[in-house]
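Right, one structure below, let's go through it.
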Amino acid sequence: VKYLERYWLDPIPAVRSWLAMKTILLLFAVDAFAEHLGPAWRYGTAGFNVAHFRILDVLLPVPSTAFYVGTMIAIGLGAFVAALSPRAPRAVIALVAIAYLWSWSCSMHDSYQHHYLLSLFFVAFALFPMISSRDLFGLPREVRSRPAAAAPPAAKGKKSGKKAAPAAPAPRAKAGNVLATRALARAAGEVTAGVGIAAVAIVLAVRRTIEEENARSSGAWFLAALFLLGGMVWISVALRRHLASRAAHGPTQLETALPHGLVPRASAPAMVALWTTAAIVYVYTAISKTEAEWLNGDALRNLTSNGESVPGFVRLAGAFGLEGDDLWWMLGHSVVLLQIGCAIGYATAPLRDGAKGWPRIVLDVIAWIALGLSLSFHLGAEYMGLEIGWFSWYMILLALATFVPAWLLSGIVLLVTWPAREIAQAMDAKPTPIAGAILAMLSGIVLLAVGMTIDLPGAEAACILVGFAGMAFAVVGLIRRDRTADVRAAAVALAIGAAVLAIVVRQTDQRYDYWRFAGGDFRRRGEWAAALDAYTRANRYAPTPEDARTERVEELRERVEREGPRRDPL
Amino acid sequence: MKEERDVVVPPPEGPWGRAIPWIGVAWVALHLLIPLRYYLGDDRYDERFAWRMFSAVRVQECNVSAHETRDGREHDVPLMSILPAPWVALMERNRPAVIESFLRWRCGTREGVAAVRIVNRCRDASGDPLPDIERAITCASGEIESTGEVAESEPEEEPAEDPPAEKRRPTKRGGRRP
């Protein structure tokens, strides 16, 4: 029981749950607009529907395309509010979780398993500790005004026998803390640069190998190895300096200056639930890949059209002597090992940051391996062009928030959120509920304007409803002054969400896809008038003049004149 | 409990502190059990909630055809002309709930239909043909029967009116859905 309690309740670095929730919600907010509106034409069309759960067929009416579009827009805007509000409103996350659960389970049209996984993530998010970056790192003025770290007495020689660095004289508070922040920024920057150099070296070598025959002997890989080594040395030096500084000065300057140190921790059982869920997903995925068709490579061959969809990779493998059946056999088997490695990484993630001594070293190694495996697997899936929506990117964000060292994540969040905390500090001085109400009204107007121009059924109604919800929340802000900051944040998030919605709808083919697929479906089913209307709208949003279905519009116009709005049912 | 400065949210104490680890165990057990439904069940095509993305079953290539008995004779049903293409794709994936719903829907919405059957012809990942799968309904009784194999001389489905581009969205590199 003691070990069970430690696994589920021991505080973990708070930035892990903070980053996972914020980044995944933000990605989802854009995903809801960029990927879900185009296929929305399918819902309820022809009056036929099968829900994932029979009880939904019994209890709820057949979903309509307008209701689906409206729900996805409302969910996306809600996700923006949850992601951009300093302290994510639990009720909004819960609403997003429920609405999203309905959105995929109401019809088997959405059979991607990642919808189910995302729903589990959202349930976990709703139970996360709701912490703002201000809770984690305080306001900038607090950091500046805290007393500087007291330097410990001159340290005695360490175990390594090296002489410890002499204790630095305590600088004045402000200067000391700012310098410490810069040092952290430098350490984070150096590690990032090291990783960048290594990544660029590998990418260049891979490209050269793919582009040239016999590239292995051309020296590209020698140079890649050299740069990789350079990157690793750079990272090692930066880490060593960071650790040496900690060892020499006890708590570093910045850790003393920040209210909870550089790596604040939080008990987050819901994050542990999310990690265990990810581990289970990888375990079962590994099991499913142990079938003969996967192990012998037939399934991968089929997925990649015998390598035609990944010619670069096939050429790269060929340069290393892996070709034909051997290549596919090796890939089929390696996928299983890779999934198991990821599962072990997620299952041990709750133990890592609290461990000390050799268990910590082992868990760190597992985490690094799991990070590499996870990135290679999901980036590989993107490279293969598999139609899995943005699933890979969700899992990449989760892997980064889980496996990257906590001090580095904390440092990045501390620096990235600095401007937001400066703004919060400035706004704190003037709590103005009226300003919050005006902001909510403005965001409602922006939403209405965006909703009116989207030209998808249900979009306008959703924008109006969400705008009203924002204004109702503003009334709460007028009554309760302690909610003023929340109202302001929600209003700004809604305005940003509305702007992103407008940009995404204009810059992608969502409307074109929606109307042309709807047109194709109506036409196949003999709904001539509806098809004519849909194709006419599709032509409005055709990416190029060549994509316009002008001939089809003419054909349908003739059919409507000749046969009426629809043909007899078959 | 010792107060630690770096802890912003301490572990819950009291009843919640005792209950949460067990709730966590129940969560894990539940999510281990749900996919087992697939492995212990007898429907190898319903892979939902079993984390079998791009499984060997999924990469099978299938062709579905529908036939109905009217006026004592069997007629082909042009599926693509009566159902949105995504539903036909799901029937090609042998989703029993979709196929059964379609059979009942066809009996209920089309007058004079005595029986409807769906035949799915699949090839595995290596391209070898698999036994045909057939599901049929007798409209009067509403009973649905499933068989793993059907006679070899079944008529082919009518071609769709639209080119395949309208049926499935093309991908940049010819990618596949999970």
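Each chain in the structure tokens gets a letter, A, B and so on, in the order shown; residues start at 1 in every chain, and ligands are counted from 1 in the order they appear.
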
> What are the residues of chain A that have an atom within 7 Å of an atom of chain B, counting only C-alpha atoms, as a ChimeraX atom specification?
Replying inline: /A:4-5,8-11,46,50,109,112-113,260-261,263-267,273,276,280-281,284-285,288-289,293-294,298-299,302-303,309,384-388,517,520-521,524-525,570

Could you tell me, as an mmCIF file with N, CA, C and O atoms, in the first residue's frame, which residues of chain B DSSP assigns to helix (DSSP H, G or I) when given the backbone?
data_model
loop_
_atom_site.group_PDB
_atom_site.id
_atom_site.type_symbol
_atom_site.label_atom_id
_atom_site.label_comp_id
_atom_site.auth_asym_id
_atom_site.auth_seq_id
_atom_site.Cartn_x
_atom_site.Cartn_y
_atom_site.Cartn_z
ATOM 1 N N GLY B 14 -6.298 12.212 4.452
ATOM 2 C CA GLY B 14 -7.621 11.766 4.871
ATOM 3 C C GLY B 14 -8.192 10.724 3.933
ATOM 4 O O GLY B 14 -7.433 10.011 3.257
ATOM 5 N N PRO B 15 -9.520 10.651 3.851
ATOM 6 C CA PRO B 15 -10.155 9.587 3.048
ATOM 7 C C PRO B 15 -9.727 9.610 1.583
ATOM 8 O O PRO B 15 -9.485 8.578 0.976
ATOM 9 N N TRP B 16 -9.616 10.836 1.002
ATOM 10 C CA TRP B 16 -9.212 10.928 -0.404
ATOM 11 C C TRP B 16 -7.807 10.377 -0.604
ATOM 12 O O TRP B 16 -7.535 9.678 -1.572
ATOM 13 N N GLY B 17 -6.944 10.719 0.320
ATOM 14 C CA GLY B 17 -5.561 10.248 0.229
ATOM 15 C C GLY B 17 -5.489 8.733 0.246
ATOM 16 O O GLY B 17 -4.640 8.125 -0.413
ATOM 17 N N ARG B 18 -6.390 8.116 0.998
ATOM 18 C CA ARG B 18 -6.400 6.649 1.056
ATOM 19 C C ARG B 18 -7.101 6.053 -0.168
ATOM 20 O O ARG B 18 -6.746 4.977 -0.636
ATOM 21 N N ALA B 19 -8.119 6.772 -0.669
ATOM 22 C CA ALA B 19 -8.930 6.202 -1.759
ATOM 23 C C ALA B 19 -8.260 6.337 -3.126
ATOM 24 O O ALA B 19 -8.386 5.429 -3.969
ATOM 25 N N ILE B 20 -7.574 7.453 -3.350
ATOM 26 C CA ILE B 20 -7.065 7.729 -4.710
ATOM 27 C C ILE B 20 -6.181 6.599 -5.258
ATOM 28 O O ILE B 20 -6.369 6.184 -6.415
ATOM 29 N N PRO B 21 -5.235 6.055 -4.487
ATOM 30 C CA PRO B 21 -4.426 4.970 -5.077
ATOM 31 C C PRO B 21 -5.287 3.796 -5.532
ATOM 32 O O PRO B 21 -5.004 3.181 -6.570
ATOM 33 N N TRP B 22 -6.337 3.495 -4.798
ATOM 34 C CA TRP B 22 -7.192 2.372 -5.188
ATOM 35 C C TRP B 22 -8.061 2.745 -6.392
ATOM 36 O O TRP B 22 -8.344 1.892 -7.244
ATOM 37 N N ILE B 23 -8.468 4.019 -6.455
ATOM 38 C CA ILE B 23 -9.185 4.458 -7.661
ATOM 39 C C ILE B 23 -8.250 4.322 -8.870
ATOM 40 O O ILE B 23 -8.651 3.894 -9.953
ATOM 41 N N GLY B 24 -6.995 4.671 -8.651
ATOM 42 C CA GLY B 24 -6.000 4.540 -9.716
ATOM 43 C C GLY B 24 -5.853 3.092 -10.166
ATOM 44 O O GLY B 24 -5.784 2.799 -11.362
ATOM 45 N N VAL B 25 -5.818 2.181 -9.204
ATOM 46 C CA VAL B 25 -5.704 0.755 -9.540
ATOM 47 C C VAL B 25 -6.928 0.324 -10.346
ATOM 48 O O VAL B 25 -6.814 -0.402 -11.343
ATOM 49 N N ALA B 26 -8.101 0.811 -9.934
ATOM 50 C CA ALA B 26 -9.337 0.452 -10.656
ATOM 51 C C ALA B 26 -9.283 1.002 -12.081
ATOM 52 O O ALA B 26 -9.694 0.332 -13.039
ATOM 53 N N TRP B 27 -8.772 2.228 -12.240
ATOM 54 C CA TRP B 27 -8.622 2.850 -13.572
ATOM 55 C C TRP B 27 -7.741 1.975 -14.467
ATOM 56 O O TRP B 27 -8.077 1.671 -15.607
ATOM 57 N N VAL B 28 -6.601 1.553 -13.911
ATOM 58 C CA VAL B 28 -5.673 0.726 -14.691
ATOM 59 C C VAL B 28 -6.332 -0.609 -15.038
ATOM 60 O O VAL B 28 -6.270 -1.067 -16.194
ATOM 61 N N ALA B 29 -6.986 -1.218 -14.044
ATOM 62 C CA ALA B 29 -7.622 -2.520 -14.281
ATOM 63 C C ALA B 29 -8.688 -2.394 -15.371
ATOM 64 O O ALA B 29 -8.775 -3.229 -16.276
ATOM 65 N N LEU B 30 -9.468 -1.331 -15.296
ATOM 66 C CA LEU B 30 -10.531 -1.121 -16.286
ATOM 67 C C LEU B 30 -9.951 -1.016 -17.697
ATOM 68 O O LEU B 30 -10.440 -1.641 -18.642
ATOM 69 N N HIS B 31 -8.875 -0.246 -17.810
ATOM 70 C CA HIS B 31 -8.306 -0.042 -19.143
ATOM 71 C C HIS B 31 -7.490 -1.231 -19.623
ATOM 72 O O HIS B 31 -7.198 -1.341 -20.816
ATOM 73 N N LEU B 32 -7.132 -2.105 -18.707
ATOM 74 C CA LEU B 32 -6.538 -3.365 -19.148
ATOM 75 C C LEU B 32 -7.632 -4.331 -19.604
ATOM 76 O O LEU B 32 -7.429 -5.128 -20.521
ATOM 77 N N LEU B 33 -8.793 -4.227 -18.976
ATOM 78 C CA LEU B 33 -9.875 -5.175 -19.279
ATOM 79 C C LEU B 33 -10.611 -4.828 -20.578
ATOM 80 O O LEU B 33 -10.998 -5.728 -21.325
ATOM 81 N N ILE B 34 -10.810 -3.539 -20.828
ATOM 82 C CA ILE B 34 -11.628 -3.149 -21.999
ATOM 83 C C ILE B 34 -11.093 -3.761 -23.303
ATOM 84 O O ILE B 34 -11.855 -4.377 -24.051
ATOM 85 N N PRO B 35 -9.787 -3.663 -23.584
ATOM 86 C CA PRO B 35 -9.307 -4.272 -24.841
ATOM 87 C C PRO B 35 -9.422 -5.797 -24.841
ATOM 88 O O PRO B 35 -9.491 -6.404 -25.908
ATOM 89 N N LEU B 36 -9.450 -6.402 -23.649
ATOM 90 C CA LEU B 36 -9.565 -7.863 -23.599
ATOM 91 C C LEU B 36 -10.870 -8.346 -24.219
ATOM 92 O O LEU B 36 -10.972 -9.487 -24.662
ATOM 93 N N ARG B 37 -11.865 -7.452 -24.221
ATOM 94 C CA ARG B 37 -13.145 -7.773 -24.841
ATOM 95 C C ARG B 37 -12.918 -8.247 -26.291
ATOM 96 O O ARG B 37 -13.573 -9.153 -26.774
ATOM 97 N N TYR B 38 -11.967 -7.609 -26.953
ATOM 98 C CA TYR B 38 -11.668 -8.006 -28.334
ATOM 99 C C TYR B 38 -11.010 -9.383 -28.367
ATOM 100 O O TYR B 38 -11.415 -10.255 -29.135
ATOM 101 N N TYR B 39 -9.999 -9.560 -27.506
ATOM 102 C CA TYR B 39 -9.217 -10.798 -27.576
ATOM 103 C C TYR B 39 -9.999 -12.011 -27.084
ATOM 104 O O TYR B 39 -9.732 -13.128 -27.507
ATOM 105 N N LEU B 40 -10.961 -11.788 -26.195
ATOM 106 C CA LEU B 40 -11.755 -12.909 -25.685
ATOM 107 C C LEU B 40 -13.054 -13.085 -26.467
ATOM 108 O O LEU B 40 -13.750 -14.073 -26.292
ATOM 109 N N LEU B 79 -25.092 0.078 -53.263
ATOM 110 C CA LEU B 79 -24.866 0.676 -51.934
ATOM 111 C C LEU B 79 -24.475 2.144 -51.992
ATOM 112 O O LEU B 79 -24.958 2.964 -51.218
ATOM 113 N N MET B 80 -23.573 2.459 -52.921
ATOM 114 C CA MET B 80 -23.065 3.844 -52.980
ATOM 115 C C MET B 80 -24.149 4.834 -53.405
ATOM 116 O O MET B 80 -23.966 6.041 -53.245
ATOM 117 N N SER B 81 -25.236 4.324 -53.947
ATOM 118 C CA SER B 81 -26.300 5.233 -54.376
ATOM 119 C C SER B 81 -27.372 5.425 -53.314
ATOM 120 O O SER B 81 -28.277 6.243 -53.489
ATOM 121 N N ILE B 82 -27.287 4.655 -52.246
ATOM 122 C CA ILE B 82 -28.301 4.836 -51.203
ATOM 123 C C ILE B 82 -27.698 5.223 -49.860
ATOM 124 O O ILE B 82 -28.392 5.730 -48.987
ATOM 125 N N ALA B 85 -20.843 7.345 -48.645
ATOM 126 C CA ALA B 85 -19.678 6.475 -48.848
ATOM 127 C C ALA B 85 -19.001 6.026 -47.546
ATOM 128 O O ALA B 85 -18.548 4.877 -47.462
ATOM 129 N N PRO B 86 -18.898 6.885 -46.509
ATOM 130 C CA PRO B 86 -18.211 6.419 -45.296
ATOM 131 C C PRO B 86 -18.876 5.202 -44.653
ATOM 132 O O PRO B 86 -18.200 4.368 -44.058
ATOM 133 N N TRP B 87 -20.210 5.087 -44.790
ATOM 134 C CA TRP B 87 -20.874 3.911 -44.220
ATOM 135 C C TRP B 87 -20.523 2.664 -45.016
ATOM 136 O O TRP B 87 -20.372 1.573 -44.451
ATOM 137 N N VAL B 88 -20.391 2.826 -46.323
ATOM 138 C CA VAL B 88 -20.015 1.678 -47.150
ATOM 139 C C VAL B 88 -18.601 1.227 -46.768
ATOM 140 O O VAL B 88 -18.315 0.029 -46.651
ATOM 141 N N ALA B 89 -17.725 2.210 -46.532
ATOM 142 C CA ALA B 89 -16.360 1.875 -46.115
ATOM 143 C C ALA B 89 -16.374 1.104 -44.793
ATOM 144 O O ALA B 89 -15.599 0.164 -44.609
ATOM 145 N N LEU B 90 -17.255 1.504 -43.881
ATOM 146 C CA LEU B 90 -17.333 0.789 -42.597
ATOM 147 C C LEU B 90 -17.884 -0.618 -42.778
ATOM 148 O O LEU B 90 -17.484 -1.544 -42.071
ATOM 149 N N MET B 91 -18.792 -0.784 -43.747
ATOM 150 C CA MET B 91 -19.294 -2.139 -44.015
ATOM 151 C C MET B 91 -18.184 -2.993 -44.622
ATOM 152 O O MET B 91 -18.084 -4.182 -44.357
ATOM 153 N N GLU B 92 -17.335 -2.359 -45.433
ATOM 154 C CA GLU B 92 -16.193 -3.091 -45.987
ATOM 155 C C GLU B 92 -15.246 -3.542 -44.884
ATOM 156 O O GLU B 92 -14.489 -4.485 -45.051
ATOM 157 N N PRO B 96 -19.850 -5.248 -37.530
ATOM 158 C CA PRO B 96 -21.144 -5.929 -37.397
ATOM 159 C C PRO B 96 -22.288 -4.977 -37.065
ATOM 160 O O PRO B 96 -23.395 -5.120 -37.619
ATOM 161 N N ALA B 97 -22.041 -3.988 -36.196
ATOM 162 C CA ALA B 97 -23.133 -3.085 -35.803
ATOM 163 C C ALA B 97 -23.637 -2.293 -37.004
ATOM 164 O O ALA B 97 -24.848 -2.071 -37.161
ATOM 165 N N VAL B 98 -22.720 -1.882 -37.881
ATOM 166 C CA VAL B 98 -23.115 -1.100 -39.055
ATOM 167 C C VAL B 98 -23.872 -1.988 -40.036
ATOM 168 O O VAL B 98 -24.921 -1.592 -40.570
ATOM 169 N N ILE B 99 -23.348 -3.173 -40.251
ATOM 170 C CA ILE B 99 -23.999 -4.072 -41.208
ATOM 171 C C ILE B 99 -25.405 -4.443 -40.722
ATOM 172 O O ILE B 99 -26.376 -4.389 -41.481
ATOM 173 N N GLU B 100 -25.510 -4.785 -39.448
ATOM 174 C CA GLU B 100 -26.833 -5.169 -38.927
ATOM 175 C C GLU B 100 -27.803 -3.991 -38.970
ATOM 176 O O GLU B 100 -28.975 -4.154 -39.306
ATOM 177 N N SER B 101 -27.308 -2.806 -38.649
ATOM 178 C CA SER B 101 -28.188 -1.624 -38.714
ATOM 179 C C SER B 101 -28.642 -1.375 -40.141
ATOM 180 O O SER B 101 -29.792 -1.015 -40.386
ATOM 181 N N PHE B 102 -27.718 -1.561 -41.086
ATOM 182 C CA PHE B 102 -28.099 -1.365 -42.490
ATOM 183 C C PHE B 102 -29.162 -2.374 -42.904
ATOM 184 O O PHE B 102 -30.137 -2.016 -43.577
ATOM 185 N N LEU B 103 -28.968 -3.627 -42.520
ATOM 186 C CA LEU B 103 -29.942 -4.666 -42.911
ATOM 187 C C LEU B 103 -31.332 -4.303 -42.392
ATOM 188 O O LEU B 103 -32.324 -4.373 -43.123
ATOM 189 N N ARG B 104 -31.392 -3.887 -41.127
ATOM 190 C CA ARG B 104 -32.696 -3.524 -40.536
ATOM 191 C C ARG B 104 -33.248 -2.252 -41.192
ATOM 192 O O ARG B 104 -34.437 -2.123 -41.444
ATOM 193 N N TRP B 105 -32.368 -1.312 -41.454
ATOM 194 C CA TRP B 105 -32.774 -0.034 -42.064
ATOM 195 C C TRP B 105 -33.369 -0.276 -43.450
ATOM 196 O O TRP B 105 -34.399 0.292 -43.811
ATOM 197 N N ARG B 106 -32.725 -1.162 -44.205
ATOM 198 C CA ARG B 106 -33.203 -1.436 -45.564
ATOM 199 C C ARG B 106 -34.574 -2.111 -45.513
ATOM 200 O O ARG B 106 -35.463 -1.777 -46.292
ATOM 201 N N CYS B 107 -34.725 -3.063 -44.586
ATOM 202 C CA CYS B 107 -36.031 -3.723 -44.444
ATOM 203 C C CYS B 107 -37.099 -2.698 -44.067
ATOM 204 O O CYS B 107 -38.238 -2.760 -44.545
ATOM 205 N N GLY B 108 -36.729 -1.747 -43.194
ATOM 206 C CA GLY B 108 -37.713 -0.799 -42.673
ATOM 207 C C GLY B 108 -38.050 0.333 -43.617
ATOM 208 O O GLY B 108 -39.131 0.924 -43.524
ATOM 209 N N THR B 109 -37.126 0.682 -44.523
ATOM 210 C CA THR B 109 -37.355 1.865 -45.354
ATOM 211 C C THR B 109 -37.734 1.531 -46.798
ATOM 212 O O THR B 109 -38.131 2.409 -47.547
ATOM 213 N N PRO B 164 -13.513 7.354 -57.612
ATOM 214 C CA PRO B 164 -13.067 7.032 -56.258
ATOM 215 C C PRO B 164 -12.611 8.252 -55.466
ATOM 216 O O PRO B 164 -12.670 8.261 -54.262
ATOM 217 N N ALA B 165 -12.167 9.291 -56.166
ATOM 218 C CA ALA B 165 -11.675 10.480 -55.451
ATOM 219 C C ALA B 165 -12.731 11.052 -54.526
ATOM 220 O O ALA B 165 -12.436 11.618 -53.491
ATOM 221 N N GLU B 166 -14.001 10.912 -54.884
ATOM 222 C CA GLU B 166 -15.066 11.433 -54.037
ATOM 223 C C GLU B 166 -15.384 10.487 -52.886
ATOM 224 O O GLU B 166 -15.967 10.857 -51.899
ATOM 225 N N LYS B 167 -14.986 9.208 -53.107
ATOM 226 C CA LYS B 167 -15.325 8.218 -52.096
ATOM 227 C C LYS B 167 -14.389 8.330 -50.907
ATOM 228 O O LYS B 167 -14.794 8.309 -49.766
#

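When the distance limit is 9 Å and only C-alpha atoms are what count, the residues near A:Gly470, minus those fewer than 6 positions from it on the same chain, are Ala440, Met441, Ser443, Gly444, Val487, Ala490, Ala491 and Leu494 of chain A.
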
> Which residues, written as a list in words, have at least one atom at most 8 Å from A:Ala74, with only C-alpha atoms counted and residues fewer than 2 positions away on the same chain left out?
Replying inline: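 That gives Gly70, Thr71, Met72, Gly76, Leu77, Gly78, Ala462, Cys463 and Val466 of chain A.
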
Could you write out that same residue set with all heavy atoms as a PDB file, in the first residue's frame?
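Below is the file part.pdb, written as the result:
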ATOM      1  N   GLY A  70     -21.471  22.805 -35.042  1.00  0.00           N
ATOM      2  CA  GLY A  70     -21.595  23.727 -33.918  1.00  0.00           C
ATOM      3  C   GLY A  70     -20.867  23.213 -32.693  1.00  0.00           C
ATOM      4  O   GLY A  70     -20.155  23.968 -32.009  1.00  0.00           O
ATOM      5  N   THR A  71     -21.005  21.920 -32.442  1.00  0.00           N
ATOM      6  CA  THR A  71     -20.338  21.343 -31.264  1.00  0.00           C
ATOM      7  C   THR A  71     -18.828  21.435 -31.402  1.00  0.00           C
ATOM      8  O   THR A  71     -18.125  21.799 -30.452  1.00  0.00           O
ATOM      9  CB  THR A  71     -20.761  19.862 -31.086  1.00  0.00           C
ATOM     10  OG1 THR A  71     -22.177  19.810 -30.999  1.00  0.00           O
ATOM     11  CG2 THR A  71     -20.160  19.266 -29.832  1.00  0.00           C
ATOM     12  N   MET A  72     -18.306  21.101 -32.585  1.00  0.00           N
ATOM     13  CA  MET A  72     -16.845  21.140 -32.747  1.00  0.00           C
ATOM     14  C   MET A  72     -16.302  22.554 -32.595  1.00  0.00           C
ATOM     15  O   MET A  72     -15.220  22.762 -32.034  1.00  0.00           O
ATOM     16  CB  MET A  72     -16.439  20.562 -34.115  1.00  0.00           C
ATOM     17  CG  MET A  72     -16.602  19.064 -34.265  1.00  0.00           C
ATOM     18  SD  MET A  72     -16.094  18.051 -32.852  1.00  0.00           S
ATOM     19  CE  MET A  72     -14.364  18.442 -32.699  1.00  0.00           C
ATOM     20  N   GLY A  76     -13.757  23.647 -29.697  1.00  0.00           N
ATOM     21  CA  GLY A  76     -12.478  24.294 -30.019  1.00  0.00           C
ATOM     22  C   GLY A  76     -12.310  25.584 -29.243  1.00  0.00           C
ATOM     23  O   GLY A  76     -11.238  25.844 -28.671  1.00  0.00           O
ATOM     24  N   LEU A  77     -13.364  26.385 -29.192  1.00  0.00           N
ATOM     25  CA  LEU A  77     -13.277  27.657 -28.455  1.00  0.00           C
ATOM     26  C   LEU A  77     -13.088  27.384 -26.957  1.00  0.00           C
ATOM     27  O   LEU A  77     -12.298  28.067 -26.284  1.00  0.00           O
ATOM     28  CB  LEU A  77     -14.535  28.486 -28.704  1.00  0.00           C
ATOM     29  CG  LEU A  77     -14.700  29.015 -30.141  1.00  0.00           C
ATOM     30  CD1 LEU A  77     -16.100  29.598 -30.346  1.00  0.00           C
ATOM     31  CD2 LEU A  77     -13.637  30.071 -30.461  1.00  0.00           C
ATOM     32  N   GLY A  78     -13.797  26.378 -26.452  1.00  0.00           N
ATOM     33  CA  GLY A  78     -13.642  26.009 -25.032  1.00  0.00           C
ATOM     34  C   GLY A  78     -12.219  25.567 -24.741  1.00  0.00           C
ATOM     35  O   GLY A  78     -11.651  25.916 -23.697  1.00  0.00           O
ATOM     36  N   ALA A 462     -23.321  28.394 -33.095  1.00  0.00           N
ATOM     37  CA  ALA A 462     -22.326  28.043 -32.072  1.00  0.00           C
ATOM     38  C   ALA A 462     -21.571  29.283 -31.607  1.00  0.00           C
ATOM     39  O   ALA A 462     -21.348  29.479 -30.404  1.00  0.00           O
ATOM     40  CB  ALA A 462     -21.352  27.008 -32.631  1.00  0.00           C
ATOM     41  N   CYS A 463     -21.177  30.136 -32.568  1.00  0.00           N
ATOM     42  CA  CYS A 463     -20.419  31.342 -32.208  1.00  0.00           C
ATOM     43  C   CYS A 463     -21.271  32.267 -31.335  1.00  0.00           C
ATOM     44  O   CYS A 463     -20.777  32.855 -30.365  1.00  0.00           O
ATOM     45  CB  CYS A 463     -19.946  32.061 -33.470  1.00  0.00           C
ATOM     46  SG  CYS A 463     -18.609  31.193 -34.304  1.00  0.00           S
ATOM     47  N   VAL A 466     -21.573  30.667 -27.771  1.00  0.00           N
ATOM     48  CA  VAL A 466     -20.331  30.788 -26.991  1.00  0.00           C
ATOM     49  C   VAL A 466     -20.101  32.255 -26.603  1.00  0.00           C
ATOM     50  O   VAL A 466     -19.669  32.552 -25.484  1.00  0.00           O
ATOM     51  CB  VAL A 466     -19.129  30.219 -27.787  1.00  0.00           C
ATOM     52  CG1 VAL A 466     -17.826  30.456 -27.043  1.00  0.00           C
ATOM     53  CG2 VAL A 466     -19.312  28.728 -28.027  1.00  0.00           C
TER      54      VAL A 466
END

>> List the spatial neighbours of A:Ala401 as an NGL selection string - criterion: any atom at most 6 Å away, only C-alpha atoms, same-chain residues fewer than 3 positions off excluded.
In response: :A and (16 or 20 or 398)

Those same residues, written as a short mmCIF file (atom, residue, chain, number, x, y, z; two decimals), in the first residue's frame with N, CA and C atoms?
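As written to disk, out-v3.cif reads:
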data_model
loop_
_atom_site.label_atom_id
_atom_site.label_comp_id
_atom_site.auth_asym_id
_atom_site.auth_seq_id
_atom_site.Cartn_x
_atom_site.Cartn_y
_atom_site.Cartn_z
N ARG A 16 5.28 19.19 -15.71
CA ARG A 16 4.92 18.07 -16.60
C ARG A 16 3.42 18.09 -16.86
N ALA A 20 1.70 19.34 -20.38
CA ALA A 20 0.90 18.34 -21.12
C ALA A 20 -0.50 18.89 -21.37
N LEU A 398 3.00 14.75 -25.51
CA LEU A 398 2.96 14.02 -24.23
C LEU A 398 4.35 13.45 -23.91
#
